[in-house]
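Everything below belongs to target.cif, which stores mmCIF, C-alpha atoms.
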data_target
#
loop_
_atom_site.label_atom_id
_atom_site.label_comp_id
_atom_site.auth_asym_id
_atom_site.auth_seq_id
_atom_site.Cartn_x
_atom_site.Cartn_y
_atom_site.Cartn_z
CA MET A 88 19.44 -41.40 31.30
CA ASN A 89 21.74 -38.38 31.14
CA ARG A 90 20.92 -35.01 32.62
CA VAL A 91 20.31 -33.17 29.35
CA THR A 92 17.66 -35.74 28.42
CA LEU A 93 16.01 -35.44 31.81
CA PHE A 94 15.96 -31.67 31.42
CA ALA A 95 14.45 -32.00 27.93
CA ILE A 96 11.69 -34.24 29.25
CA CYS A 97 10.77 -31.85 32.07
CA ALA A 98 10.94 -28.73 29.89
CA SER A 99 8.91 -30.13 26.98
CA ALA A 100 6.30 -31.66 29.31
CA ALA A 101 5.95 -28.33 31.14
CA LEU A 102 5.64 -26.45 27.84
CA LEU A 103 3.04 -28.92 26.57
CA LEU A 104 0.91 -28.54 29.72
CA TYR A 105 1.28 -24.76 29.74
CA ILE A 106 0.13 -24.47 26.10
CA LEU A 107 -2.83 -26.78 26.72
CA GLU A 108 -3.82 -24.71 29.75
CA MET A 109 -3.62 -21.46 27.75
CA VAL A 110 -5.85 -22.93 25.05
CA ARG A 111 -8.29 -24.23 27.69
CA ARG A 112 -8.53 -20.75 29.22
CA ARG A 113 -9.02 -19.25 25.72
CA LYS A 114 -5.90 -17.12 26.09
CA LEU A 115 -4.38 -18.81 23.06
CA ARG A 116 -6.32 -19.61 19.91
CA GLU A 117 -6.20 -23.21 18.72
CA GLU A 118 -4.70 -22.22 15.35
CA TYR A 119 -1.70 -20.59 17.07
CA SER A 120 -1.24 -23.48 19.51
CA ILE A 121 -0.81 -26.28 16.98
CA LEU A 122 2.85 -25.65 16.17
CA TRP A 123 3.72 -25.19 19.85
CA LEU A 124 1.97 -28.44 20.78
CA ALA A 125 3.56 -30.36 17.91
CA GLY A 126 7.03 -29.04 18.77
CA SER A 127 6.86 -29.85 22.48
CA LEU A 128 5.29 -33.24 21.76
CA VAL A 129 8.04 -34.24 19.32
CA ILE A 130 10.76 -33.22 21.80
CA LEU A 131 8.98 -35.04 24.63
CA VAL A 132 8.64 -38.27 22.65
CA LEU A 133 12.26 -38.17 21.46
CA SER A 134 13.43 -37.54 25.03
CA LEU A 135 11.47 -40.51 26.34
CA LYS A 136 12.30 -42.89 23.48
CA GLN A 137 16.10 -42.79 23.65
CA ASP A 138 16.59 -45.45 20.97
CA TRP A 139 14.48 -43.44 18.46
CA LEU A 140 16.55 -40.34 19.19
CA VAL A 141 19.84 -42.22 18.75
CA GLY A 142 18.57 -43.83 15.54
CA ILE A 143 17.44 -40.59 13.94
CA ALA A 144 20.55 -38.71 15.11
CA HIS A 145 22.69 -41.41 13.50
CA VAL A 146 20.76 -41.19 10.21
CA VAL A 147 21.16 -37.39 10.13
CA GLY A 148 24.82 -37.71 11.05
CA ILE A 149 24.78 -36.23 14.56
CA VAL A 150 27.35 -37.76 16.90
CA TYR A 151 25.87 -36.56 20.20
CA PRO A 152 22.14 -37.56 20.05
CA PRO A 153 20.70 -35.01 22.57
CA SER A 154 21.88 -32.16 20.31
CA PHE A 155 19.32 -33.41 17.80
CA LEU A 156 16.71 -32.27 20.32
CA PHE A 157 18.06 -28.71 20.05
CA LEU A 158 17.89 -28.90 16.27
CA VAL A 159 14.24 -29.98 16.45
CA GLY A 160 13.53 -27.16 18.89
CA ILE A 161 15.17 -24.55 16.66
CA LEU A 162 13.31 -25.80 13.58
CA PHE A 163 9.97 -25.53 15.36
CA ILE A 164 10.81 -22.02 16.59
CA LEU A 165 11.60 -21.02 12.98
CA LEU A 166 8.30 -22.47 11.77
CA ILE A 167 6.40 -20.66 14.51
CA LEU A 168 8.07 -17.34 13.64
CA ILE A 169 7.24 -17.73 9.94
CA HIS A 170 3.67 -18.54 10.95
CA PHE A 171 3.61 -15.29 12.97
CA SER A 172 4.97 -13.24 10.05
CA ILE A 173 2.21 -14.59 7.83
CA ALA A 174 -0.41 -13.91 10.50
CA ILE A 175 0.87 -10.33 10.93
CA SER A 176 0.74 -9.76 7.16
CA LYS A 177 -2.84 -10.98 7.09
CA LEU A 178 -3.78 -8.71 9.99
CA HIS A 179 -2.03 -5.80 8.24
CA GLN A 180 -4.11 -6.37 5.10
CA MET A 181 -7.34 -6.67 7.10
CA ASN A 182 -6.49 -3.56 9.09
CA LYS A 183 -5.88 -1.56 5.91
CA LYS A 184 -9.19 -2.66 4.42
CA MET A 185 -11.08 -1.77 7.58
CA ALA A 186 -9.46 1.67 7.80
CA GLN A 187 -10.41 2.35 4.17
CA GLU A 188 -13.97 1.12 4.62
CA LEU A 189 -14.29 3.18 7.79
CA ALA A 190 -13.17 6.36 6.01
CA LEU A 191 -15.66 5.72 3.17
CA LEU A 192 -18.49 4.88 5.60
CA LYS A 193 -17.88 7.92 7.78
CA HIS A 194 -18.14 10.10 4.71
CA ARG A 195 -21.29 8.34 3.55
CA ARG A 196 -23.00 8.70 6.92
CA ALA A 197 -22.20 12.38 7.41
CA PRO A 198 -21.31 13.84 4.01
CA HIS A 199 -22.05 17.40 5.15
CA GLU A 200 -19.54 17.15 7.93
CA SER A 201 -17.04 16.35 5.24
CA ARG A 202 -17.38 19.66 3.41
CA THR A 203 -18.23 23.26 4.02
CA THR A 204 -21.55 24.89 3.10
CA SER A 205 -19.82 26.47 0.11
CA GLY A 206 -18.32 23.10 -0.82
CA LEU A 207 -19.10 20.66 -3.56
CA GLY A 208 -22.49 19.01 -3.86
CA ASN A 209 -22.67 15.42 -2.71
CA PRO A 210 -21.77 13.34 -5.79
CA ALA A 211 -24.35 10.76 -4.71
CA GLU A 212 -27.03 13.44 -4.84
CA LYS A 213 -25.82 14.62 -8.24
CA GLU A 214 -26.36 11.14 -9.65
CA ASP A 215 -30.01 11.21 -8.66
CA LYS A 216 -30.70 14.42 -10.55
CA PRO A 217 -31.25 14.28 -14.32
CA MET G 75 -14.33 4.35 -21.85
CA ASN G 76 -17.83 4.20 -20.50
CA PRO G 77 -20.05 2.68 -23.17
CA GLY G 78 -23.24 2.98 -21.11
CA MET G 79 -22.85 6.73 -20.78
CA GLU G 80 -22.67 7.74 -24.44
CA GLY G 81 -22.92 11.49 -24.81
CA MET G 82 -22.45 12.19 -21.13
CA PRO G 83 -19.30 14.11 -20.23
CA PRO G 84 -16.83 11.86 -18.39
CA ARG G 85 -16.84 12.28 -14.61
CA ILE G 86 -13.41 13.24 -13.38
CA LEU G 87 -12.10 13.12 -9.82
CA VAL G 88 -8.87 14.69 -8.63
CA VAL G 89 -7.44 12.58 -5.78
CA VAL G 90 -4.99 14.25 -3.40
CA PRO G 91 -3.42 12.04 -0.72
CA ALA G 92 -2.30 14.22 2.18
CA TYR G 93 -0.32 13.64 5.34
CA ARG G 94 0.70 16.62 7.49
CA GLU G 95 0.03 19.10 4.68
CA GLU G 96 -2.03 21.68 6.61
CA ARG G 97 0.06 24.55 5.27
CA SER G 98 -0.13 23.68 1.58
CA ILE G 99 -3.37 21.74 1.16
CA GLY G 100 -5.74 24.72 1.44
CA GLY G 101 -4.03 26.66 -1.36
CA LEU G 102 -3.89 23.57 -3.56
CA VAL G 103 -7.59 22.75 -3.11
CA ARG G 104 -8.64 26.36 -3.77
CA SER G 105 -6.45 26.45 -6.85
CA LEU G 106 -7.97 23.17 -8.11
CA ARG G 107 -11.50 24.43 -7.51
CA GLU G 108 -10.86 27.78 -9.18
CA ARG G 109 -8.89 26.56 -12.16
CA THR G 110 -10.49 23.16 -12.93
CA PRO G 111 -14.12 22.00 -13.10
CA TYR G 112 -13.39 18.61 -11.49
CA ASP G 113 -14.44 17.21 -8.11
CA VAL G 114 -11.60 17.30 -5.60
CA LEU G 115 -11.09 14.47 -3.10
CA VAL G 116 -8.50 14.81 -0.34
CA VAL G 117 -7.62 11.59 1.47
CA ASP G 118 -6.21 12.55 4.86
CA ASP G 119 -3.88 9.75 5.89
CA GLY G 120 -4.43 10.12 9.64
CA SER G 121 -2.63 13.48 9.94
CA PRO G 122 -2.28 14.76 13.51
CA ASP G 123 -2.49 18.38 12.30
CA ARG G 124 -5.34 20.34 10.67
CA THR G 125 -4.89 18.88 7.15
CA SER G 126 -8.42 17.49 7.07
CA GLU G 127 -10.16 20.64 8.36
CA THR G 128 -8.13 22.89 6.08
CA ALA G 129 -8.99 20.81 3.02
CA ARG G 130 -12.67 20.85 4.00
CA GLU G 131 -12.70 24.60 4.52
CA ALA G 132 -11.19 25.02 1.06
CA GLY G 133 -14.07 23.02 -0.41
CA ALA G 134 -12.70 19.53 -1.01
CA ILE G 135 -14.51 16.26 -0.40
CA VAL G 136 -12.46 14.78 2.45
CA LEU G 137 -12.01 11.18 3.54
CA ASP G 138 -10.40 10.71 6.95
CA LEU G 139 -8.41 7.54 7.44
CA PRO G 140 -8.51 6.57 11.14
CA CYS G 141 -4.81 5.66 11.11
CA ASN G 142 -1.80 6.26 8.87
CA LEU G 143 -1.81 3.70 6.05
CA GLY G 144 1.07 5.11 4.02
CA ILE G 145 0.85 6.61 0.56
CA GLY G 146 -0.36 3.51 -1.29
CA GLY G 147 -3.21 2.81 1.12
CA ALA G 148 -4.30 6.45 1.03
CA VAL G 149 -4.31 6.67 -2.76
CA GLN G 150 -6.16 3.36 -2.97
CA THR G 151 -8.87 4.81 -0.72
CA GLY G 152 -9.31 7.49 -3.38
CA PHE G 153 -9.65 4.80 -6.07
CA LEU G 154 -12.27 3.01 -3.94
CA TYR G 155 -14.24 6.26 -3.64
CA ALA G 156 -13.97 6.86 -7.40
CA ARG G 157 -15.09 3.30 -8.14
CA ASP G 158 -18.07 3.49 -5.77
CA HIS G 159 -19.20 6.89 -7.07
CA GLY G 160 -18.93 6.05 -10.75
CA TYR G 161 -16.04 8.28 -11.82
CA ASP G 162 -14.57 7.59 -15.26
CA VAL G 163 -11.14 9.12 -14.70
CA VAL G 164 -8.96 9.77 -11.66
CA VAL G 165 -6.19 12.37 -11.67
CA ARG G 166 -3.85 11.90 -8.73
CA ILE G 167 -1.63 14.76 -7.61
CA ASP G 168 0.49 15.46 -4.52
CA GLY G 169 -0.80 17.59 -1.65
CA ASP G 170 2.42 19.50 -1.14
CA GLY G 171 2.29 21.88 -4.11
CA GLN G 172 4.93 19.97 -6.08
CA HIS G 173 2.69 19.56 -9.09
CA GLU G 174 1.30 22.27 -11.36
CA VAL G 175 -2.49 22.39 -11.46
CA GLU G 176 -2.34 23.90 -14.96
CA ASP G 177 -0.70 20.69 -16.22
CA ILE G 178 -3.72 18.52 -15.38
CA PRO G 179 -5.16 18.77 -18.93
CA LYS G 180 -1.87 17.33 -20.24
CA VAL G 181 -2.28 14.07 -18.32
CA LEU G 182 -6.03 13.99 -18.92
CA GLU G 183 -6.18 14.53 -22.67
CA PRO G 184 -4.80 11.14 -23.85
CA ILE G 185 -7.21 9.36 -21.46
CA LEU G 186 -10.24 11.35 -22.65
CA SER G 187 -9.36 10.71 -26.28
CA GLU G 188 -8.92 7.04 -25.37
CA ARG G 189 -5.33 6.88 -26.54
CA ALA G 190 -4.11 5.66 -23.13
CA ASP G 191 -5.25 3.86 -19.99
CA ALA G 192 -2.70 5.69 -17.86
CA VAL G 193 -0.76 8.90 -18.42
CA ILE G 194 2.08 9.83 -16.08
CA GLY G 195 3.47 13.33 -15.71
CA SER G 196 7.28 13.34 -15.93
CA ARG G 197 9.47 16.06 -14.49
CA PHE G 198 12.37 14.95 -16.67
CA LEU G 199 10.78 15.25 -20.11
CA GLY G 200 11.20 18.76 -21.45
CA GLU G 201 12.35 21.70 -19.34
CA THR G 202 12.38 21.30 -15.60
CA GLU G 203 12.95 23.37 -12.49
CA TYR G 204 13.14 20.26 -10.39
CA ARG G 205 16.11 19.89 -8.03
CA GLY G 206 15.91 16.78 -5.89
CA SER G 207 18.11 15.62 -3.04
CA ILE G 208 20.92 13.18 -3.86
CA PRO G 209 19.25 10.05 -2.39
CA ARG G 210 16.05 10.91 -4.22
CA ILE G 211 17.76 11.40 -7.58
CA PHE G 212 19.72 8.18 -7.05
CA GLY G 213 16.51 6.33 -6.21
CA ILE G 214 14.77 7.70 -9.30
CA ARG G 215 17.66 6.58 -11.53
CA PHE G 216 17.67 3.14 -9.95
CA PHE G 217 13.92 2.64 -10.42
CA ARG G 218 14.08 4.07 -13.93
CA LEU G 219 16.60 1.39 -14.85
CA LEU G 220 14.52 -1.31 -13.15
CA VAL G 221 11.29 -0.34 -14.95
CA ASN G 222 12.92 0.18 -18.34
CA VAL G 223 14.77 -3.14 -18.25
CA THR G 224 11.89 -5.30 -17.01
CA THR G 225 8.80 -3.75 -18.62
CA GLY G 226 8.20 -2.55 -22.15
CA TYR G 227 7.46 0.99 -20.97
CA ARG G 228 9.94 3.79 -21.66
CA VAL G 229 10.01 5.68 -18.40
CA THR G 230 11.96 8.76 -17.26
CA ASP G 231 10.20 9.51 -13.97
CA PRO G 232 9.17 6.19 -12.36
CA THR G 233 8.22 7.68 -8.97
CA SER G 234 6.01 10.46 -10.33
CA GLY G 235 2.85 10.88 -8.27
CA PHE G 236 1.16 12.97 -10.94
CA PHE G 237 -0.91 10.77 -13.24
CA ALA G 238 -4.34 10.06 -14.67
CA ILE G 239 -5.98 6.64 -15.07
CA ASN G 240 -9.19 5.45 -16.68
CA ARG G 241 -12.05 3.40 -15.28
CA SER G 242 -10.53 -0.02 -15.92
CA LEU G 243 -7.39 0.83 -13.95
CA ILE G 244 -9.46 2.50 -11.21
CA GLU G 245 -11.28 -0.80 -10.75
CA PHE G 246 -8.11 -2.89 -10.82
CA TYR G 247 -6.24 -0.63 -8.38
CA SER G 248 -9.22 -0.73 -6.00
CA TYR G 249 -8.24 -4.35 -5.41
CA HIS G 250 -4.49 -4.33 -5.98
CA TYR G 251 -2.40 -1.31 -5.17
CA PRO G 252 1.11 -1.43 -3.70
CA SER G 253 2.07 0.30 -0.46
CA ASP G 254 5.33 2.27 -0.80
CA TYR G 255 6.35 4.00 -4.02
CA PRO G 256 3.25 2.45 -5.60
CA GLU G 257 4.00 4.18 -8.91
CA VAL G 258 7.05 1.98 -9.54
CA ASP G 259 5.14 -1.22 -8.85
CA ALA G 260 2.22 0.06 -10.89
CA TYR G 261 4.29 -0.33 -14.08
CA ILE G 262 4.46 -4.10 -13.53
CA LEU G 263 0.73 -4.23 -12.78
CA MET G 264 -0.02 -2.24 -15.94
CA GLN G 265 2.26 -4.45 -18.00
CA ARG G 266 0.47 -7.53 -16.66
CA LEU G 267 -2.87 -5.96 -17.63
CA GLY G 268 -1.60 -4.89 -21.03
CA ALA G 269 -2.45 -1.27 -20.21
CA ARG G 270 -1.44 1.50 -22.59
CA ALA G 271 0.64 3.96 -20.58
CA PHE G 272 3.04 6.77 -21.42
CA GLU G 273 4.57 9.89 -19.94
CA VAL G 274 3.95 13.52 -20.78
CA PRO G 275 6.18 16.41 -19.70
CA VAL G 276 4.96 18.37 -16.67
CA ARG G 277 6.47 20.99 -14.39
CA MET G 278 7.42 20.01 -10.85
CA TYR G 279 8.65 22.24 -8.09
CA ASP G 280 10.51 21.64 -4.89
CA ARG G 281 8.13 21.11 -2.03
CA ALA G 282 6.23 24.29 -1.18
CA GLU G 283 5.80 23.45 2.50
CA GLY G 284 6.54 20.60 4.85
CA LYS G 285 9.33 18.07 4.76
CA SER G 286 9.82 15.18 2.38
CA SER G 287 9.35 11.91 4.19
CA ILE G 288 12.57 10.53 2.71
CA THR G 289 15.92 10.23 4.52
CA ALA G 290 19.00 8.44 3.19
CA PHE G 291 18.48 5.39 5.36
CA ARG G 292 14.82 5.08 4.48
CA ALA G 293 15.70 5.58 0.82
CA VAL G 294 17.83 2.41 0.91
CA TYR G 295 15.10 0.55 2.78
CA TYR G 296 12.48 1.60 0.23
CA MET G 297 14.73 0.69 -2.67
CA VAL G 298 15.11 -2.85 -1.34
CA LYS G 299 11.43 -3.16 -0.43
CA VAL G 300 10.08 -1.75 -3.69
CA THR G 301 12.49 -3.83 -5.78
CA LEU G 302 11.36 -6.99 -3.98
CA SER G 303 7.70 -6.09 -4.38
CA PHE G 304 8.29 -5.18 -8.04
CA LEU G 305 10.01 -8.47 -8.85
CA ILE G 306 7.43 -10.55 -6.95
CA ASN G 307 4.60 -8.80 -8.78
CA ARG G 308 6.08 -10.23 -11.97
CA ILE G 309 5.44 -13.79 -10.81
CA ARG G 310 2.23 -13.16 -8.84
CA ARG G 311 -1.28 -14.17 -9.84
CA PHE G 312 -4.00 -11.52 -9.87
CA GLY G 313 -7.46 -12.93 -9.34
#
Could you show the structure in this file as structure tokens?
Amino acid sequence: MNRVTLFAICASAALLLYILEMVRRRKLREEYSILWLAGSLVILVLSLKQDWLVGIAHVVGIVYPPSFLFLVGILFILLILIHFSIAISKLHQMNKKMAQELALLKHRRAPHESRTTSGLGNPAEKEDKP
Amino acid sequence: MNPGMEGMPPRILVVVPAYREERSIGGLVRSLRERTPYDVLVVDDGSPDRTSETAREAGAIVLDLPCNLGIGGAVQTGFLYARDHGYDVVVRIDGDGQHEVEDIPKVLEPILSERADAVIGSRFLGETEYRGSIPRIFGIRFFRLLVNVTTGYRVTDPTSGFFAINRSLIEFYSYHYPSDYPEVDAYILMQRLGARAFEVPVRMYDRAEGKSSITAFRAVYYMVKVTLSFLINRIRRFG
């Protein structure tokens, strides 16, 4: 076993345990842990099963098998980042909706705070009158 | 336009999105209230200054967004208010005094006579006093080309924020309204809906007070972002 493989085993095992611990302590939501767990697990398995790593590296056309581990790592990081971008976009949309609802609700709760005494009548009140 | 309300005059709401417009918003709201019979809604997009108070003192209905959503989010809040309160037509104008209050009937008339679903005021049709900065004029020309080539609408002023829309568009925009330069994107949305839209000539002035939010760098950023959004809206599903 060469040193890079040993390092990969230690690093991916440590990452795997750290992620599990974060999920256990509820500091990381399950949905955001899945890609991390999958990534570290794949790297761990490929580091332990040398013949699998060599086989796959050969199929993909990589001469030095451990570098396939880096490729796997980079691909998982890319996936995780895309996942984050999607999550941020979703939060952005939710945040916008909540800000809009809040503005409408605030006005509905205290319409007179929203205009002066000489201001317009409350449109909701207007509707009630014939 | 509103079949259930036969004989009733259409309810019209003027929506004014405002961010840091404390110096111009009061005069605009007073002018709207003196010279038009319509309800005036100012959507304060989380301004740190006295925009909201000034608009209130001048007699507008004011909605306060708790944080800055950008122009599209602020205007959409106005559409949500109009939808919830049963308005038939929304006129949207800028809070900085760029648009002429006296021109409101020009964008309203085709909607009220049911000849259009949307009418956009153009500063480039007819005579104009408008003098924009170079990045702004370049951006307008770029978007004009984009809209004219990809939609069936003949457009001279694709970024105009002076327009009127009817109830069906109010409802649609309550769900789907773009964020930056929403007026450009809106042409694709209207095309997808089969909306009848055209421009009418209006006067536009250089900003009365305050600073335009556009710098050269941001202009390039917006051009890329709006173009992307515009092209993706062509292949998007609207449920």
**Message:** Just want the 9 Å neighbourhood of A:Glu188, counted on all atoms listed in the file, with same-chain residues fewer than 6 positions away dropped. Output as a VMD selection string.
**Reply:** chain G and resid 139 151 154
**Message:** Need to verify the contact set: A:Ile130, 9 Å, only C-alpha atoms, exclusion of same-chain residues closer than 5 positions in sequence. Can you return it as a ChimeraX atom specification?
**Reply:** /A:95-96,99-100,125,135,156-157,159-160
**Item:** Distance-based interface of chain G with chain A, 12 Å, counting all atoms listed in the file, as a VMD selection string
**Value:** chain G and resid 82 85 to 87 103 to 104 107 111 to 120 126 to 161 248 to 253
Could you give me the axis-aligned bounding box of stretch 165-184 of chain G, with 5 Å of padding per side, as centre plus edge lengths in Å to one decimal, as AutoDock Vina command-line options?
--center_x -0.6 --center_y 17.5 --center_z -12.5 --size_x 21.1 --size_y 22.8 --size_z 32.7
**Message:** Which residues would end up in the selection if the PyMOL selection byres ((chain A and resi 161-165) around 10) were applied here, given that I need the answer as number ranges by chain?
**Reply:** A: 122-123, 125-127, 129, 155-160, 166-171
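Coordinates place atom CA of G:Val193 at a distance of 11.2 Å from atom CA of G:Val276.
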**Message:** With all atoms listed in the file as the counted atoms, please give the residues lying no more than 10 Å from G:Leu267, apart from itself and same-chain residues fewer than 5 positions off, as a list in words.
**Reply:**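 Final neighbour list, sorted by chain and number: Ser242, Leu243, Phe246, Tyr261, Ile262 and Phe312 of chain G.
As for atom CA of G:Ala271 and atom CA of G:Val165, they are spaced 14.0 Å apart.
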**Residue nearest G:Gly235 among G:Pro275, G:Pro256, G:Gly200, G:Gly81 (counting only C-alpha atoms)** =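 Closest residue, counting only C-alpha atoms: G:Pro256.
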**Request:** Could you jot down the atom CA of A:Leu140 to atom CA of A:Thr92 separation for me, Å, one decimal place?
**Result:**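 So the answer is 10.4 Å.
Proximity ranking of A:Arg196, A:Gln137, A:Arg111, A:Tyr105 relative to A:Leu124 places A:Tyr105 first, based on all atoms listed in the file.
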Need to verify the contact set: G:Met278, 12 Å, only C-alpha atoms, exclusion of same-chain residues closer than 5 positions in sequence. Can you return it as a short mmCIF file (atom, residue, chain, number, x, y, z; two decimals) with C-alpha atoms, in the coordinates of the input?
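And here is the file that came out, around-v2.cif:
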data_model
loop_
_atom_site.label_atom_id
_atom_site.label_comp_id
_atom_site.auth_asym_id
_atom_site.auth_seq_id
_atom_site.Cartn_x
_atom_site.Cartn_y
_atom_site.Cartn_z
CA ILE G 167 -1.63 14.76 -7.61
CA ASP G 168 0.49 15.46 -4.52
CA ASP G 170 2.42 19.50 -1.14
CA GLY G 171 2.29 21.88 -4.11
CA GLN G 172 4.93 19.97 -6.08
CA HIS G 173 2.69 19.56 -9.09
CA GLU G 174 1.30 22.27 -11.36
CA VAL G 175 -2.49 22.39 -11.46
CA GLU G 176 -2.34 23.90 -14.96
CA ASP G 177 -0.70 20.69 -16.22
CA GLY G 195 3.47 13.33 -15.71
CA SER G 196 7.28 13.34 -15.93
CA ARG G 197 9.47 16.06 -14.49
CA PHE G 198 12.37 14.95 -16.67
CA LEU G 199 10.78 15.25 -20.11
CA GLY G 200 11.20 18.76 -21.45
CA GLU G 201 12.35 21.70 -19.34
CA THR G 202 12.38 21.30 -15.60
CA GLU G 203 12.95 23.37 -12.49
CA TYR G 204 13.14 20.26 -10.39
CA ARG G 205 16.11 19.89 -8.03
CA GLY G 206 15.91 16.78 -5.89
CA ASP G 231 10.20 9.51 -13.97
CA SER G 234 6.01 10.46 -10.33
CA GLY G 235 2.85 10.88 -8.27
CA PHE G 236 1.16 12.97 -10.94
#
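This file, filtered with the PyMOL selection byres ((chain G and resi 96) around 7), gives the residues G:Arg94, G:Glu95, G:Arg97, G:Ser98, G:Ile99, G:Asp123, G:Arg124, G:Thr125, G:Thr128.
Of the listed residues G:Ile208, G:Ala260, G:Ile194, G:Leu186, the one whose atoms come nearest to G:Pro84 is G:Leu186, with distances taken using only C-alpha atoms.
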Please complete stretch 96-109 of chain A so it has N, CA and C atoms, and hand it over as a PDB file, in the frame of the given file.
ATOM      1  N   ILE A  96      12.999 -33.646  28.920  1.00  0.00           N
ATOM      2  CA  ILE A  96      11.690 -34.240  29.250  1.00  0.00           C
ATOM      3  C   ILE A  96      10.868 -33.278  30.102  1.00  0.00           C
ATOM      4  N   CYS A  97      11.501 -32.758  31.179  1.00  0.00           N
ATOM      5  CA  CYS A  97      10.770 -31.850  32.070  1.00  0.00           C
ATOM      6  C   CYS A  97      10.322 -30.595  31.332  1.00  0.00           C
ATOM      7  N   ALA A  98      11.248 -29.994  30.561  1.00  0.00           N
ATOM      8  CA  ALA A  98      10.940 -28.730  29.890  1.00  0.00           C
ATOM      9  C   ALA A  98       9.830 -28.920  28.859  1.00  0.00           C
ATOM     10  N   SER A  99       9.917 -29.970  28.037  1.00  0.00           N
ATOM     11  CA  SER A  99       8.910 -30.130  26.980  1.00  0.00           C
ATOM     12  C   SER A  99       7.558 -30.525  27.572  1.00  0.00           C
ATOM     13  N   ALA A 100       7.574 -31.311  28.664  1.00  0.00           N
ATOM     14  CA  ALA A 100       6.300 -31.660  29.310  1.00  0.00           C
ATOM     15  C   ALA A 100       5.655 -30.417  29.907  1.00  0.00           C
ATOM     16  N   ALA A 101       6.473 -29.563  30.557  1.00  0.00           N
ATOM     17  CA  ALA A 101       5.950 -28.330  31.140  1.00  0.00           C
ATOM     18  C   ALA A 101       5.372 -27.426  30.059  1.00  0.00           C
ATOM     19  N   LEU A 102       6.095 -27.290  28.952  1.00  0.00           N
ATOM     20  CA  LEU A 102       5.640 -26.450  27.840  1.00  0.00           C
ATOM     21  C   LEU A 102       4.314 -26.967  27.296  1.00  0.00           C
ATOM     22  N   LEU A 103       4.251 -28.297  27.115  1.00  0.00           N
ATOM     23  CA  LEU A 103       3.040 -28.920  26.570  1.00  0.00           C
ATOM     24  C   LEU A 103       1.832 -28.621  27.471  1.00  0.00           C
ATOM     25  N   LEU A 104       2.011 -28.789  28.792  1.00  0.00           N
ATOM     26  CA  LEU A 104       0.910 -28.540  29.720  1.00  0.00           C
ATOM     27  C   LEU A 104       0.522 -27.063  29.736  1.00  0.00           C
ATOM     28  N   TYR A 105       1.546 -26.193  29.699  1.00  0.00           N
ATOM     29  CA  TYR A 105       1.280 -24.760  29.740  1.00  0.00           C
ATOM     30  C   TYR A 105       0.458 -24.329  28.517  1.00  0.00           C
ATOM     31  N   ILE A 106       0.846 -24.832  27.326  1.00  0.00           N
ATOM     32  CA  ILE A 106       0.130 -24.470  26.100  1.00  0.00           C
ATOM     33  C   ILE A 106      -1.314 -24.971  26.163  1.00  0.00           C
ATOM     34  N   LEU A 107      -1.478 -26.228  26.610  1.00  0.00           N
ATOM     35  CA  LEU A 107      -2.830 -26.780  26.720  1.00  0.00           C
ATOM     36  C   LEU A 107      -3.699 -25.941  27.663  1.00  0.00           C
ATOM     37  N   GLU A 108      -3.087 -25.504  28.766  1.00  0.00           N
ATOM     38  CA  GLU A 108      -3.820 -24.710  29.750  1.00  0.00           C
ATOM     39  C   GLU A 108      -4.223 -23.349  29.153  1.00  0.00           C
ATOM     40  N   MET A 109      -3.319 -22.748  28.391  1.00  0.00           N
ATOM     41  CA  MET A 109      -3.620 -21.460  27.750  1.00  0.00           C
ATOM     42  C   MET A 109      -4.770 -21.587  26.757  1.00  0.00           C
TER      43      MET A 109
END
